[in-house]
Amino acid sequence: MNLYLCGHSFRYETENLCRAFFPNESVAVFEGDCRDKPGEISVCTKISGGDLFVSVGTDGRTVEKRRSAPAGGDQELLLAALIFSVLSEFTNYEPPWGILTGVRPSKLMNTLISSSSPEDAKRYFIESLLVSREKTELTADVALREKEIISSSRPDSYSLYISIPFCPSRCSYCSFVSHSIAGRNAQKLVSPYVEMLVGELRENARIAAEMGLRLESVYFGGGTPTALSAEQLDAVCGAVEENFNLSTCREYTVEAGRPDTITAEKLKVLKSRNVTRISINPQTMNAEVLKSVGRKHSPKDTLDAFFLARGEGFEDINMDLIAGLYGDTADSFSDSLDSLVSLKPESVTVHTLALKRSSSLVAIENAFVPDGSSVAKMLEFAQRKLPANGYHPYYMYRQSRSVGNFENVGWCLDGRECAYNIFMMEECHTVLAAGAGGVTKLRHPVSGRIERIFNFKYPYEYISRFSELIERKKRINSFYES
Ligand code: SF4
């Protein structure tokens with residue numbers, strides 16, 4: 001698809017909006033007047049004087065509209081609304097998120113509510129951003145649920161994120177920087193990685209104490225943290241326990257992730273190190289779908305891991321599902337969700353598949369065309385099934401290139417919100433990250449300004465350039481001292 005920008009530079013939002021209508025097309029962006037290319041869809045967007053003009057066409061079929069943009073009005077918003085109107089007519093489809101392309105709808109909803117009222121905020125979503133009533137209500141529910149946890153964050157609060165970028169094998173849809181430890185080369189990286197990670201945690205703890213910061217939550221993500229051995233897990237958790245002041249920490253999560261990595265021994269380590277919450281992520285309970293996306297575990301492994309964790313005393317368990325996996329159908333997704341709900345985990349997170357270029361599913365299986373309408377049915381089912389069983393939506397985010405442009409929503413039983421997810425998504429306070437691919441996000445306690453410090457992405461780089469990484473940490477001190 002060819003997108004032409006003429007007389008304006010709203011490239012990012014315009015491109016994302018077009019992608020919502022043509023999720024499987026790659027978008028080539030040109031500046032200047034539109035030139036029709038036979039056989040290709042062309043979207044021409046133009047601002048000239050006080051006039052906005054949008055035209056979409058391919059091979060003789062064209063829809064175009066024009067409107068005036070009053071001086072002082074928000075031209076970007078008006079142009080987006082015009083593109084939405086033209087593309088809806090052309091495709092006969094209205095994306096449920098309207099012209100809202102941002103990744104944090106609930107953050108925007110919260111900002112609007114705090115400066116007006118929930119009713120006004122919802123009206124703005126529906127009338128100005130053209131978001132469907134259903135998604136608007138969902139966002140407002142999330143925003144109102146988040147309020148209490150957001151307001152419990154203090155100016156000196158921070159959370160700790162620990163990255164374990166290893167997995168037992170690589171799923172075909174994965175776009176994370178995560179190494180399969182099935183190969184010997186990657187295996188060899190794990191031990192030195194754990195050693196460096198322990199060193200980085202010590203440094204983070206030292207700086208946090210020096211700056212007088214107060215730890216609210218700890219989160220191990222990845223990858224699959226339980227891809228580490230029990231001894232390695234113990235070494236990392238031990239470094240957390242020995243170096244950080246955990247007396248103020250209200251929540252300690254380890255995203256165990258893949259059921260095939262969870263053993264009684266590892267669960268005992270986590271329990272003994274005071275981990276309060278774990279995640280066991282089947283993604284689907286359909287054996288065929290698991291196989292087709294390269295996950296080497298069965299639905300029974302998920303059940304076994306869940307009961308094992310319960311037996312070891314874990315009373316706060318999250319389970320993840322993905323809507324839109326290769327080979328899945330609306331019926332089989334419903335069966336997966338039914339099966340999870342019957343276990344009564346404290347929270348269930350429903351993701352929408354996002355197909356990034358780095359996933360092998362995109363590279364290899366060009367034939368895989370994700371089906372937005374079947375994902376819509378899956379999410380509708382989740383939105384009925386989960387509240388009927390006592391779950392409420394408590395956090396949400398959107399990813400670029402997600403099938404049908406849909407969202408990811410965390411659902412939980414009363415009082416089981418994951419505080420870290422809310423703190424991170426709403427950018428309530430600083431997150432100090434440790435490990436390859438980790439991003440430290442500093443939030444200014446007064447102005448709310450955000451500054452990021454990136455760790456090296458790949459484990460071998462993280463290990464070989466460790467001293468450089470520690471040097472970068474000085475920016476945390478200067479940020480707070482300023
Ligand atoms: S378990 Fe998660 S991080 Fe690991 S390969 Fe699969 S999708 Fe990627």
# chains A, B, ... in the order shown; residues from 1 in each chain; ligands from 1
call {"tool": "select_by_dssp", "arguments": {"residues": "segment 215-411 of chain A", "states": "helix (DSSP H, G or I)", "output": "MDAnalysis selection string"}}
result
chainID A and resid 225:227 230:243 246:248 259:261 264:272 287:292 299:311 330:343 360:364 372:388 403:405
call {"tool": "write_last_selection", "arguments": {"atoms": "C-alpha atoms", "output": "PDB file, in the first residue's frame"}}
result
ATOM      1  CA  PRO A 225      12.919 -17.046  34.009  1.00  0.00           C
ATOM      2  CA  THR A 226      12.350 -20.678  34.999  1.00  0.00           C
ATOM      3  CA  ALA A 227      14.526 -21.731  32.052  1.00  0.00           C
ATOM      4  CA  ALA A 230      17.113 -24.116  40.447  1.00  0.00           C
ATOM      5  CA  GLU A 231      20.646 -23.100  41.575  1.00  0.00           C
ATOM      6  CA  GLN A 232      20.803 -20.223  39.093  1.00  0.00           C
ATOM      7  CA  LEU A 233      17.348 -19.015  40.116  1.00  0.00           C
ATOM      8  CA  ASP A 234      18.425 -19.180  43.731  1.00  0.00           C
ATOM      9  CA  ALA A 235      21.534 -17.122  42.963  1.00  0.00           C
ATOM     10  CA  VAL A 236      19.484 -14.338  41.309  1.00  0.00           C
ATOM     11  CA  CYS A 237      16.725 -14.340  43.947  1.00  0.00           C
ATOM     12  CA  GLY A 238      19.422 -14.451  46.616  1.00  0.00           C
ATOM     13  CA  ALA A 239      21.012 -11.316  45.135  1.00  0.00           C
ATOM     14  CA  VAL A 240      17.629  -9.574  45.325  1.00  0.00           C
ATOM     15  CA  GLU A 241      17.095 -10.639  48.931  1.00  0.00           C
ATOM     16  CA  GLU A 242      20.600  -9.747  50.088  1.00  0.00           C
ATOM     17  CA  ASN A 243      20.935  -6.375  48.385  1.00  0.00           C
ATOM     18  CA  LEU A 246      12.315  -5.772  50.619  1.00  0.00           C
ATOM     19  CA  SER A 247      10.454  -4.509  53.706  1.00  0.00           C
ATOM     20  CA  THR A 248       8.438  -2.055  51.567  1.00  0.00           C
ATOM     21  CA  PRO A 259       4.980 -24.937  31.869  1.00  0.00           C
ATOM     22  CA  ASP A 260       7.712 -27.318  30.627  1.00  0.00           C
ATOM     23  CA  THR A 261      10.326 -25.458  32.710  1.00  0.00           C
ATOM     24  CA  ALA A 264       9.017 -28.674  42.254  1.00  0.00           C
ATOM     25  CA  GLU A 265      12.641 -27.797  42.983  1.00  0.00           C
ATOM     26  CA  LYS A 266      12.411 -24.403  41.254  1.00  0.00           C
ATOM     27  CA  LEU A 267       9.074 -23.625  42.889  1.00  0.00           C
ATOM     28  CA  LYS A 268      10.581 -24.417  46.299  1.00  0.00           C
ATOM     29  CA  VAL A 269      13.437 -21.984  45.572  1.00  0.00           C
ATOM     30  CA  LEU A 270      10.959 -19.233  44.636  1.00  0.00           C
ATOM     31  CA  LYS A 271       8.850 -19.900  47.714  1.00  0.00           C
ATOM     32  CA  SER A 272      11.861 -19.868  50.014  1.00  0.00           C
ATOM     33  CA  ALA A 287      -2.381 -29.486  21.699  1.00  0.00           C
ATOM     34  CA  GLU A 288      -2.378 -29.034  17.923  1.00  0.00           C
ATOM     35  CA  VAL A 289      -2.022 -25.269  18.157  1.00  0.00           C
ATOM     36  CA  LEU A 290       0.801 -25.611  20.688  1.00  0.00           C
ATOM     37  CA  LYS A 291       2.598 -27.850  18.234  1.00  0.00           C
ATOM     38  CA  SER A 292       1.992 -25.551  15.303  1.00  0.00           C
ATOM     39  CA  PRO A 299      -2.001 -28.938  27.848  1.00  0.00           C
ATOM     40  CA  LYS A 300      -1.437 -31.582  30.542  1.00  0.00           C
ATOM     41  CA  ASP A 301       1.983 -30.034  31.353  1.00  0.00           C
ATOM     42  CA  THR A 302       0.125 -26.794  32.077  1.00  0.00           C
ATOM     43  CA  LEU A 303      -2.325 -28.516  34.423  1.00  0.00           C
ATOM     44  CA  ASP A 304       0.510 -30.383  36.161  1.00  0.00           C
ATOM     45  CA  ALA A 305       2.511 -27.156  36.622  1.00  0.00           C
ATOM     46  CA  PHE A 306      -0.532 -25.355  37.976  1.00  0.00           C
ATOM     47  CA  PHE A 307      -1.363 -28.042  40.569  1.00  0.00           C
ATOM     48  CA  LEU A 308       2.302 -28.370  41.487  1.00  0.00           C
ATOM     49  CA  ALA A 309       2.464 -24.625  42.165  1.00  0.00           C
ATOM     50  CA  ARG A 310      -0.720 -24.739  44.225  1.00  0.00           C
ATOM     51  CA  GLY A 311       0.753 -27.671  46.155  1.00  0.00           C
ATOM     52  CA  ALA A 330     -12.817 -19.089  18.068  1.00  0.00           C
ATOM     53  CA  ASP A 331     -14.214 -22.381  19.430  1.00  0.00           C
ATOM     54  CA  SER A 332     -10.868 -23.793  20.451  1.00  0.00           C
ATOM     55  CA  PHE A 333      -9.914 -20.457  22.068  1.00  0.00           C
ATOM     56  CA  SER A 334     -13.168 -20.604  24.075  1.00  0.00           C
ATOM     57  CA  ASP A 335     -12.297 -24.156  25.168  1.00  0.00           C
ATOM     58  CA  SER A 336      -8.843 -22.949  26.286  1.00  0.00           C
ATOM     59  CA  LEU A 337     -10.341 -20.128  28.302  1.00  0.00           C
ATOM     60  CA  ASP A 338     -12.983 -22.442  29.835  1.00  0.00           C
ATOM     61  CA  SER A 339     -10.233 -24.784  30.886  1.00  0.00           C
ATOM     62  CA  LEU A 340      -8.181 -21.985  32.504  1.00  0.00           C
ATOM     63  CA  VAL A 341     -11.159 -20.467  34.291  1.00  0.00           C
ATOM     64  CA  SER A 342     -12.056 -23.873  35.745  1.00  0.00           C
ATOM     65  CA  LEU A 343      -8.662 -23.800  37.521  1.00  0.00           C
ATOM     66  CA  SER A 360       9.746 -16.711  12.317  1.00  0.00           C
ATOM     67  CA  LEU A 361       6.011 -17.062  11.710  1.00  0.00           C
ATOM     68  CA  VAL A 362       6.223 -13.945   9.568  1.00  0.00           C
ATOM     69  CA  ALA A 363       9.427 -14.996   7.854  1.00  0.00           C
ATOM     70  CA  ILE A 364       8.526 -18.599   7.129  1.00  0.00           C
ATOM     71  CA  GLY A 372      -9.109 -10.306  12.592  1.00  0.00           C
ATOM     72  CA  SER A 373     -12.774 -11.295  12.728  1.00  0.00           C
ATOM     73  CA  SER A 374     -12.079 -14.571  14.486  1.00  0.00           C
ATOM     74  CA  VAL A 375      -9.847 -12.736  17.008  1.00  0.00           C
ATOM     75  CA  ALA A 376     -12.727 -10.320  17.587  1.00  0.00           C
ATOM     76  CA  LYS A 377     -14.937 -13.324  18.480  1.00  0.00           C
ATOM     77  CA  MET A 378     -12.268 -14.697  20.835  1.00  0.00           C
ATOM     78  CA  LEU A 379     -11.991 -11.382  22.677  1.00  0.00           C
ATOM     79  CA  GLU A 380     -15.770 -10.999  22.846  1.00  0.00           C
ATOM     80  CA  PHE A 381     -15.984 -14.423  24.437  1.00  0.00           C
ATOM     81  CA  ALA A 382     -13.279 -13.481  26.983  1.00  0.00           C
ATOM     82  CA  GLN A 383     -15.143 -10.278  27.745  1.00  0.00           C
ATOM     83  CA  ARG A 384     -18.275 -12.293  28.605  1.00  0.00           C
ATOM     84  CA  LYS A 385     -16.719 -15.329  30.246  1.00  0.00           C
ATOM     85  CA  LEU A 386     -14.253 -13.630  32.580  1.00  0.00           C
ATOM     86  CA  PRO A 387     -16.616 -11.117  34.270  1.00  0.00           C
ATOM     87  CA  ALA A 388     -19.204 -13.890  34.640  1.00  0.00           C
ATOM     88  CA  VAL A 403      -3.998  -8.855  14.669  1.00  0.00           C
ATOM     89  CA  GLY A 404      -7.042  -6.685  13.960  1.00  0.00           C
ATOM     90  CA  ASN A 405      -5.336  -3.882  15.906  1.00  0.00           C
TER      91      ASN A 405
END
call {"tool": "residues_near_ligand", "arguments": {"ligand": "ligand 1", "cutoff": "12 Å", "atoms": "only C-alpha atoms and all ligand atoms", "output": "VMD selection string"}}
result
chain A and resid 163 to 182 221 to 227 255 to 261 279 to 283 290 293 to 297 320 to 322 325 351 353 to 356 358 to 361
call {"tool": "closest_residue", "arguments": {"among": "A:Val63, A:Tyr460, A:Met319, A:Ile162", "to": "Val439 of chain A", "atoms": "only C-alpha atoms"}}
result
A:Ile162
call {"tool": "atom_distance", "arguments": {"atom1": "atom CA of Arg202 of chain A", "atom2": "atom CA of Ala186 of chain A"}}
result
24.6 Å
call {"tool": "select_by_dssp", "arguments": {"residues": "segment 98-209 of chain A", "states": "strand (DSSP E or B)", "output": "MDAnalysis selection string"}}
result
chainID A and resid 157:164 166:167 179:180
call {"tool": "write_last_selection", "arguments": {"atoms": "N, CA, C and O atoms", "output": "PDB file, in the first residue's frame"}}
result
ATOM      1  N   SER A 157       9.068   6.180  45.102  1.00  0.00           N
ATOM      2  CA  SER A 157       8.862   4.759  44.802  1.00  0.00           C
ATOM      3  C   SER A 157       9.654   4.320  43.569  1.00  0.00           C
ATOM      4  O   SER A 157       9.912   5.120  42.669  1.00  0.00           O
ATOM      5  N   TYR A 158       9.988   3.046  43.536  1.00  0.00           N
ATOM      6  CA  TYR A 158      10.514   2.459  42.300  1.00  0.00           C
ATOM      7  C   TYR A 158      10.203   0.971  42.301  1.00  0.00           C
ATOM      8  O   TYR A 158       9.879   0.381  43.338  1.00  0.00           O
ATOM      9  N   SER A 159      10.257   0.360  41.100  1.00  0.00           N
ATOM     10  CA  SER A 159      10.105  -1.081  40.965  1.00  0.00           C
ATOM     11  C   SER A 159      11.348  -1.630  40.289  1.00  0.00           C
ATOM     12  O   SER A 159      12.099  -0.895  39.637  1.00  0.00           O
ATOM     13  N   LEU A 160      11.550  -2.928  40.453  1.00  0.00           N
ATOM     14  CA  LEU A 160      12.743  -3.572  39.910  1.00  0.00           C
ATOM     15  C   LEU A 160      12.321  -4.607  38.869  1.00  0.00           C
ATOM     16  O   LEU A 160      11.471  -5.457  39.142  1.00  0.00           O
ATOM     17  N   TYR A 161      12.910  -4.516  37.671  1.00  0.00           N
ATOM     18  CA  TYR A 161      12.613  -5.494  36.613  1.00  0.00           C
ATOM     19  C   TYR A 161      13.880  -6.300  36.313  1.00  0.00           C
ATOM     20  O   TYR A 161      14.967  -5.725  36.127  1.00  0.00           O
ATOM     21  N   ILE A 162      13.739  -7.603  36.278  1.00  0.00           N
ATOM     22  CA  ILE A 162      14.898  -8.469  36.039  1.00  0.00           C
ATOM     23  C   ILE A 162      14.643  -9.312  34.796  1.00  0.00           C
ATOM     24  O   ILE A 162      13.657 -10.050  34.728  1.00  0.00           O
ATOM     25  N   SER A 163      15.529  -9.166  33.817  1.00  0.00           N
ATOM     26  CA  SER A 163      15.303  -9.840  32.532  1.00  0.00           C
ATOM     27  C   SER A 163      16.104 -11.148  32.424  1.00  0.00           C
ATOM     28  O   SER A 163      17.325 -11.148  32.619  1.00  0.00           O
ATOM     29  N   ILE A 164      15.391 -12.213  32.109  1.00  0.00           N
ATOM     30  CA  ILE A 164      16.044 -13.511  31.868  1.00  0.00           C
ATOM     31  C   ILE A 164      15.739 -13.890  30.411  1.00  0.00           C
ATOM     32  O   ILE A 164      14.682 -14.461  30.118  1.00  0.00           O
ATOM     33  N   PHE A 166      16.196 -16.116  28.221  1.00  0.00           N
ATOM     34  CA  PHE A 166      16.412 -17.487  27.747  1.00  0.00           C
ATOM     35  C   PHE A 166      15.094 -18.252  27.789  1.00  0.00           C
ATOM     36  O   PHE A 166      14.264 -18.017  28.664  1.00  0.00           O
ATOM     37  N   CYS A 167      14.938 -19.167  26.835  1.00  0.00           N
ATOM     38  CA  CYS A 167      13.740 -20.015  26.788  1.00  0.00           C
ATOM     39  C   CYS A 167      14.162 -21.428  26.432  1.00  0.00           C
ATOM     40  O   CYS A 167      15.220 -21.623  25.830  1.00  0.00           O
ATOM     41  N   HIS A 179      16.816 -16.233  23.804  1.00  0.00           N
ATOM     42  CA  HIS A 179      17.621 -17.295  23.214  1.00  0.00           C
ATOM     43  C   HIS A 179      17.136 -18.657  23.664  1.00  0.00           C
ATOM     44  O   HIS A 179      16.923 -18.869  24.859  1.00  0.00           O
ATOM     45  N   SER A 180      17.006 -19.558  22.702  1.00  0.00           N
ATOM     46  CA  SER A 180      16.686 -20.927  23.070  1.00  0.00           C
ATOM     47  C   SER A 180      17.932 -21.532  23.706  1.00  0.00           C
ATOM     48  O   SER A 180      19.030 -21.432  23.154  1.00  0.00           O
TER      49      SER A 180
END
call {"tool": "closest_residue", "arguments": {"among": "A:Asn204, A:Gln187, A:Thr329, A:Ser229", "to": "Arg472 of chain A", "atoms": "only C-alpha atoms"}}
result
A:Asn204
call {"tool": "closest_atom_pairs", "arguments": {"of": "segment 428-471 of chain A", "to": "segment 192-197 of chain A", "cutoff": "7 Å", "atoms": "only C-alpha atoms", "output": "Markdown table"}}
result
| residue | atom | partner | partner_atom | distance |
| --- | --- | --- | --- | --- |
| A:Ala434 | CA | A:Leu197 | CA | 6.6 |
| A:Gly435 | CA | A:Leu197 | CA | 5.7 |
| A:Pro459 | CA | A:Tyr193 | CA | 6.7 |
| A:Ile463 | CA | A:Tyr193 | CA | 6.2 |
call {"tool": "atom_distance", "arguments": {"atom1": "atom CA of Arg11 of chain A", "atom2": "atom CA of Lys65 of chain A"}}
result
19.2 Å
call {"tool": "atom_distance", "arguments": {"atom1": "atom CA of Val350 of chain A", "atom2": "atom CA of Cys249 of chain A"}}
result
26.5 Å
call {"tool": "closest_residue", "arguments": {"among": "A:Lys457, A:Leu130, A:Gly50, A:Glu15", "to": "Ala81 of chain A", "atoms": "only C-alpha atoms"}}
result
A:Leu130
call {"tool": "residues_around", "arguments": {"residues": "segment 406-421 of chain A", "least_positions_apart": "5", "cutoff": "6 Å", "atoms": "only C-alpha atoms", "output": "list in words"}}
result
Ser217, Glu346, Ser347, Val348, Thr349, Val350, His351, Thr352, Gly390, Tyr391, His392, Pro393, Tyr394, Tyr395, Met396, Tyr397 and Arg398 of chain A
call {"tool": "decode", "arguments": {"residues": "segment 278-294 of chain A", "atoms": "N, CA, C and O atoms", "output": "short mmCIF file (atom, residue, chain, number, x, y, z; two decimals), in the first residue's frame"}}
result
data_model
loop_
_atom_site.label_atom_id
_atom_site.label_comp_id
_atom_site.auth_asym_id
_atom_site.auth_seq_id
_atom_site.Cartn_x
_atom_site.Cartn_y
_atom_site.Cartn_z
N ILE A 278 3.32 -15.90 40.71
CA ILE A 278 4.00 -16.47 39.53
C ILE A 278 3.01 -16.51 38.35
O ILE A 278 1.80 -16.41 38.55
N SER A 279 3.58 -16.65 37.18
CA SER A 279 2.78 -16.75 35.97
C SER A 279 3.06 -18.10 35.33
O SER A 279 4.22 -18.51 35.23
N ILE A 280 2.01 -18.78 34.95
CA ILE A 280 2.17 -20.03 34.19
C ILE A 280 1.41 -19.80 32.88
O ILE A 280 0.19 -19.60 32.91
N ASN A 281 2.14 -19.79 31.77
CA ASN A 281 1.52 -19.29 30.54
C ASN A 281 1.35 -20.36 29.48
O ASN A 281 2.28 -20.64 28.72
N PRO A 282 0.17 -20.95 29.38
CA PRO A 282 -0.02 -21.96 28.33
C PRO A 282 -0.16 -21.35 26.93
O PRO A 282 0.18 -21.97 25.95
N GLN A 283 -0.69 -20.16 26.84
CA GLN A 283 -1.04 -19.45 25.57
C GLN A 283 -2.22 -20.08 24.85
O GLN A 283 -3.03 -19.41 24.27
N THR A 284 -2.33 -21.40 24.87
CA THR A 284 -3.52 -22.10 24.37
C THR A 284 -3.55 -23.45 25.07
O THR A 284 -2.51 -23.95 25.50
N MET A 285 -4.74 -24.04 25.18
CA MET A 285 -4.83 -25.39 25.76
C MET A 285 -5.12 -26.40 24.64
O MET A 285 -5.57 -27.51 24.91
N ASN A 286 -4.89 -25.99 23.40
CA ASN A 286 -5.11 -26.89 22.27
C ASN A 286 -3.76 -27.50 21.85
O ASN A 286 -2.84 -26.78 21.43
N ALA A 287 -3.66 -28.81 21.96
CA ALA A 287 -2.38 -29.49 21.70
C ALA A 287 -1.87 -29.24 20.28
O ALA A 287 -0.68 -29.03 20.06
N GLU A 288 -2.80 -29.23 19.31
CA GLU A 288 -2.38 -29.03 17.92
C GLU A 288 -1.81 -27.63 17.71
O GLU A 288 -0.82 -27.44 17.01
N VAL A 289 -2.48 -26.66 18.33
CA VAL A 289 -2.02 -25.27 18.16
C VAL A 289 -0.66 -25.09 18.83
O VAL A 289 0.25 -24.45 18.28
N LEU A 290 -0.50 -25.70 20.00
CA LEU A 290 0.80 -25.61 20.69
C LEU A 290 1.90 -26.13 19.77
O LEU A 290 2.97 -25.52 19.64
N LYS A 291 1.61 -27.24 19.13
CA LYS A 291 2.60 -27.85 18.23
C LYS A 291 2.88 -26.93 17.05
O LYS A 291 4.02 -26.71 16.67
N SER A 292 1.81 -26.35 16.51
CA SER A 292 1.99 -25.55 15.30
C SER A 292 2.78 -24.26 15.58
O SER A 292 3.35 -23.70 14.66
N VAL A 293 2.81 -23.80 16.82
CA VAL A 293 3.59 -22.58 17.09
C VAL A 293 4.94 -22.91 17.76
O VAL A 293 5.65 -22.03 18.23
N GLY A 294 5.26 -24.20 17.79
CA GLY A 294 6.59 -24.60 18.25
C GLY A 294 6.78 -24.63 19.75
O GLY A 294 7.90 -24.55 20.23
#
